[in-house]
Amino acid sequence: MDKIYPPGPVILLVDDNPQNLQVLGKLLQEEKYKIEFAVNGESTLEWLKNKRFDLILLDLNMPGMNGFEVCKRIRSDKEMYEVPIIFLSAESERESILKGFEVGAQDYVTKPFDSRELLARVKTQLDLKSKTEKLEKINDWLGKKIDNWLKVSLGKPGGTESTDLNAKLIEFDKNQSYVLKDIYLELSTSVKEIEKLIGKSNDPKTKSQYKEIAKRIADALVKLEQM
């Protein structure tokens, strides 16, 4: 069965607590995001078999299959593994947070959460996913172009194919660098937003969490600069 690909970002909220789903749903709908709900791990996996989501907000402690197991199942399935996952959990112990990243989540938010913080993290993941998908499409399109250029060049007089191919490869690198620069700017903006939140927070624990997020994004920026 083909997956349904609805227009615009769609977020799947997974939590066994109806009140939590209501609060999260209202918050995200106010930001014009489309949302769907799941109340356990099994229904989450069923949703993902039939519909494409741009982000999953995943509760950790649920009856039956917990969030860690759901995340591992998603990451092990090539049909579902690409969707970004943000854990939402009352568990703030470092071991739990580290395990969340180890099983494949992109982020981990502790409850109770600050709505501005959550929305900033959601926006960061959605923007990054969008830019990555654009880069993949450009790479695929340019790869096909290069194949065509090679076929055409092989039919030209000796020496001209090398010049033609070099020019096309330069164009390929140029287009790719534009997209990487765009991703870099998006992440830089996210770091600045989190730095502002750090300055507004009076809770040492919250400040520490913001700084850890900013460090992870900063590390990603360094890697992008090296590409």
# chains A, B, ... in the order shown; residues from 1 in each chain; ligands from 1
>>> residues_around(residues="A:Glu82", least_positions_apart="3", cutoff="10 Å", atoms="only C-alpha atoms", output="PyMOL selection string")
chain A and resi 53-55+74-75+77-79+85+129
>>> atom_distance(atom1="atom CA of A:Leu48", atom2="atom CA of A:Phe68")
16.2 Å
>>> closest_residue(among="A:Asn61, A:Leu119, A:Lys144, A:Tyr81", to="A:Gly25", atoms="only C-alpha atoms")
A:Leu119
>>> closest_residue(among="A:Met80, A:Asp127, A:Val109, A:Ile56", to="A:Glu93", atoms="only C-alpha atoms")
A:Val109
>>> atom_distance(atom1="atom CA of A:Leu98", atom2="atom CA of A:Glu69")
14.5 Å
>>> closest_residue(among="A:Arg52, A:Lys32, A:Arg116, A:Lys26", to="A:Pro84", atoms="only C-alpha atoms")
A:Arg52
>>> closest_residue(among="A:Leu126, A:Leu118, A:Ile11, A:Ile97", to="A:Lys34", atoms="only C-alpha atoms")
A:Ile11
>>> residues_around(residues="A:Lys72", least_positions_apart="6", cutoff="10 Å", atoms="only C-alpha atoms", output="list of chain:residue names")
A:Tyr81, A:Gly100, A:Glu102, A:Val103, A:Gly104, A:Ala105
>>> write_last_selection(atoms="C-alpha atoms", output="mmCIF file, in the first residue's frame")
data_model
loop_
_atom_site.group_PDB
_atom_site.id
_atom_site.type_symbol
_atom_site.label_atom_id
_atom_site.label_comp_id
_atom_site.auth_asym_id
_atom_site.auth_seq_id
_atom_site.Cartn_x
_atom_site.Cartn_y
_atom_site.Cartn_z
ATOM 1 C CA TYR A 81 13.639 5.403 9.627
ATOM 2 C CA GLY A 100 17.266 8.613 23.825
ATOM 3 C CA GLU A 102 21.596 6.359 21.334
ATOM 4 C CA VAL A 103 18.392 4.737 20.014
ATOM 5 C CA GLY A 104 18.154 7.366 17.265
ATOM 6 C CA ALA A 105 16.190 10.404 18.476
#
>>> residues_around(residues="A:Asn40", least_positions_apart="2", cutoff="10 Å", atoms="only C-alpha atoms", output="list in words")
Val14, Asp15, Asp16, Asn17, Phe37, Ala38, Glu42, Ser43, Thr44, Leu45, Leu58, Asp59, Asn61, Met62, Pro63, Gly64, Met65, Asn66, Gly67 and Val70 of chain A
>>> decode(residues="stretch 100-146 of chain A", atoms="N, CA and C atoms", output="compact mmCIF listing (two decimals), in the first residue's frame")
# COMPACT_ATOMS: atom_id res chain seq x y z
N GLY A 100 18.16 8.10 24.86
CA GLY A 100 17.27 8.61 23.82
C GLY A 100 18.01 8.90 22.53
N PHE A 101 19.19 9.52 22.67
CA PHE A 101 19.99 9.80 21.48
C PHE A 101 20.61 8.53 20.91
N GLU A 102 20.97 7.61 21.79
CA GLU A 102 21.60 6.36 21.33
C GLU A 102 20.65 5.52 20.47
N VAL A 103 19.35 5.54 20.80
CA VAL A 103 18.39 4.74 20.01
C VAL A 103 17.95 5.45 18.74
N GLY A 104 18.40 6.71 18.55
CA GLY A 104 18.15 7.37 17.26
C GLY A 104 17.31 8.62 17.26
N ALA A 105 16.98 9.17 18.45
CA ALA A 105 16.19 10.40 18.48
C ALA A 105 17.05 11.60 18.11
N GLN A 106 16.43 12.63 17.53
CA GLN A 106 17.14 13.86 17.20
C GLN A 106 17.20 14.82 18.39
N ASP A 107 16.25 14.69 19.33
CA ASP A 107 16.22 15.61 20.46
C ASP A 107 15.46 14.97 21.62
N TYR A 108 15.59 15.61 22.80
CA TYR A 108 14.96 15.08 24.02
C TYR A 108 14.52 16.28 24.85
N VAL A 109 13.22 16.37 25.12
CA VAL A 109 12.66 17.48 25.90
C VAL A 109 12.06 16.92 27.18
N THR A 110 12.42 17.52 28.30
CA THR A 110 11.88 17.04 29.58
C THR A 110 10.60 17.79 29.95
N LYS A 111 9.69 17.07 30.59
CA LYS A 111 8.44 17.64 31.09
C LYS A 111 8.63 18.06 32.56
N PRO A 112 7.96 19.15 32.97
CA PRO A 112 7.16 20.07 32.15
C PRO A 112 8.08 20.92 31.27
N PHE A 113 7.63 21.20 30.07
CA PHE A 113 8.47 21.92 29.13
C PHE A 113 7.98 23.35 28.94
N ASP A 114 8.89 24.21 28.51
CA ASP A 114 8.56 25.58 28.14
C ASP A 114 8.05 25.55 26.70
N SER A 115 6.89 26.12 26.45
CA SER A 115 6.29 26.05 25.12
C SER A 115 7.18 26.70 24.05
N ARG A 116 7.85 27.79 24.41
CA ARG A 116 8.74 28.45 23.44
C ARG A 116 9.91 27.55 23.08
N GLU A 117 10.44 26.87 24.11
CA GLU A 117 11.55 25.96 23.88
C GLU A 117 11.13 24.82 22.95
N LEU A 118 9.98 24.22 23.24
CA LEU A 118 9.52 23.10 22.43
C LEU A 118 9.29 23.52 20.98
N LEU A 119 8.63 24.67 20.79
CA LEU A 119 8.36 25.14 19.44
C LEU A 119 9.65 25.45 18.68
N ALA A 120 10.65 25.98 19.40
CA ALA A 120 11.94 26.26 18.76
C ALA A 120 12.61 24.97 18.29
N ARG A 121 12.52 23.93 19.12
CA ARG A 121 13.13 22.65 18.74
C ARG A 121 12.37 21.99 17.60
N VAL A 122 11.05 22.08 17.64
CA VAL A 122 10.23 21.53 16.56
C VAL A 122 10.58 22.22 15.24
N LYS A 123 10.65 23.54 15.27
CA LYS A 123 10.97 24.30 14.06
C LYS A 123 12.36 23.94 13.53
N THR A 124 13.32 23.78 14.44
CA THR A 124 14.68 23.42 14.02
C THR A 124 14.70 22.09 13.28
N GLN A 125 14.01 21.08 13.83
CA GLN A 125 14.00 19.76 13.20
C GLN A 125 13.26 19.77 11.86
N LEU A 126 12.15 20.49 11.80
CA LEU A 126 11.39 20.55 10.55
C LEU A 126 12.18 21.29 9.47
N ASP A 127 12.84 22.38 9.85
CA ASP A 127 13.64 23.14 8.89
C ASP A 127 14.81 22.31 8.38
N LEU A 128 15.47 21.62 9.29
CA LEU A 128 16.62 20.80 8.89
C LEU A 128 16.18 19.67 7.96
N LYS A 129 15.05 19.04 8.28
CA LYS A 129 14.52 17.97 7.43
C LYS A 129 14.19 18.50 6.03
N SER A 130 13.58 19.67 5.98
CA SER A 130 13.22 20.27 4.70
C SER A 130 14.45 20.57 3.86
N LYS A 131 15.48 21.15 4.49
CA LYS A 131 16.71 21.48 3.76
C LYS A 131 17.44 20.22 3.30
N THR A 132 17.43 19.20 4.14
CA THR A 132 18.09 17.94 3.77
C THR A 132 17.39 17.31 2.57
N GLU A 133 16.06 17.33 2.57
CA GLU A 133 15.31 16.77 1.45
C GLU A 133 15.57 17.55 0.17
N LYS A 134 15.68 18.87 0.28
CA LYS A 134 15.99 19.68 -0.90
C LYS A 134 17.37 19.33 -1.44
N LEU A 135 18.32 19.15 -0.53
CA LEU A 135 19.67 18.79 -0.95
C LEU A 135 19.68 17.45 -1.66
N GLU A 136 18.93 16.48 -1.13
CA GLU A 136 18.87 15.16 -1.76
C GLU A 136 18.26 15.24 -3.16
N LYS A 137 17.22 16.08 -3.31
CA LYS A 137 16.59 16.22 -4.62
C LYS A 137 17.54 16.87 -5.62
N ILE A 138 18.29 17.89 -5.15
CA ILE A 138 19.24 18.56 -6.02
C ILE A 138 20.34 17.59 -6.44
N ASN A 139 20.84 16.82 -5.47
CA ASN A 139 21.88 15.84 -5.78
C ASN A 139 21.39 14.81 -6.80
N ASP A 140 20.15 14.35 -6.61
CA ASP A 140 19.59 13.36 -7.53
C ASP A 140 19.43 13.96 -8.93
N TRP A 141 18.91 15.19 -8.97
CA TRP A 141 18.70 15.85 -10.27
C TRP A 141 20.03 16.10 -10.96
N LEU A 142 21.02 16.60 -10.21
CA LEU A 142 22.31 16.89 -10.81
C LEU A 142 23.04 15.61 -11.21
N GLY A 143 22.84 14.54 -10.43
CA GLY A 143 23.44 13.26 -10.78
C GLY A 143 22.94 12.77 -12.14
N LYS A 144 21.64 12.92 -12.36
CA LYS A 144 21.07 12.52 -13.65
C LYS A 144 21.59 13.41 -14.78
N LYS A 145 21.74 14.71 -14.46
CA LYS A 145 22.27 15.64 -15.45
C LYS A 145 23.69 15.23 -15.86
N ILE A 146 24.51 14.88 -14.86
CA ILE A 146 25.88 14.48 -15.15
C ILE A 146 25.91 13.24 -16.04
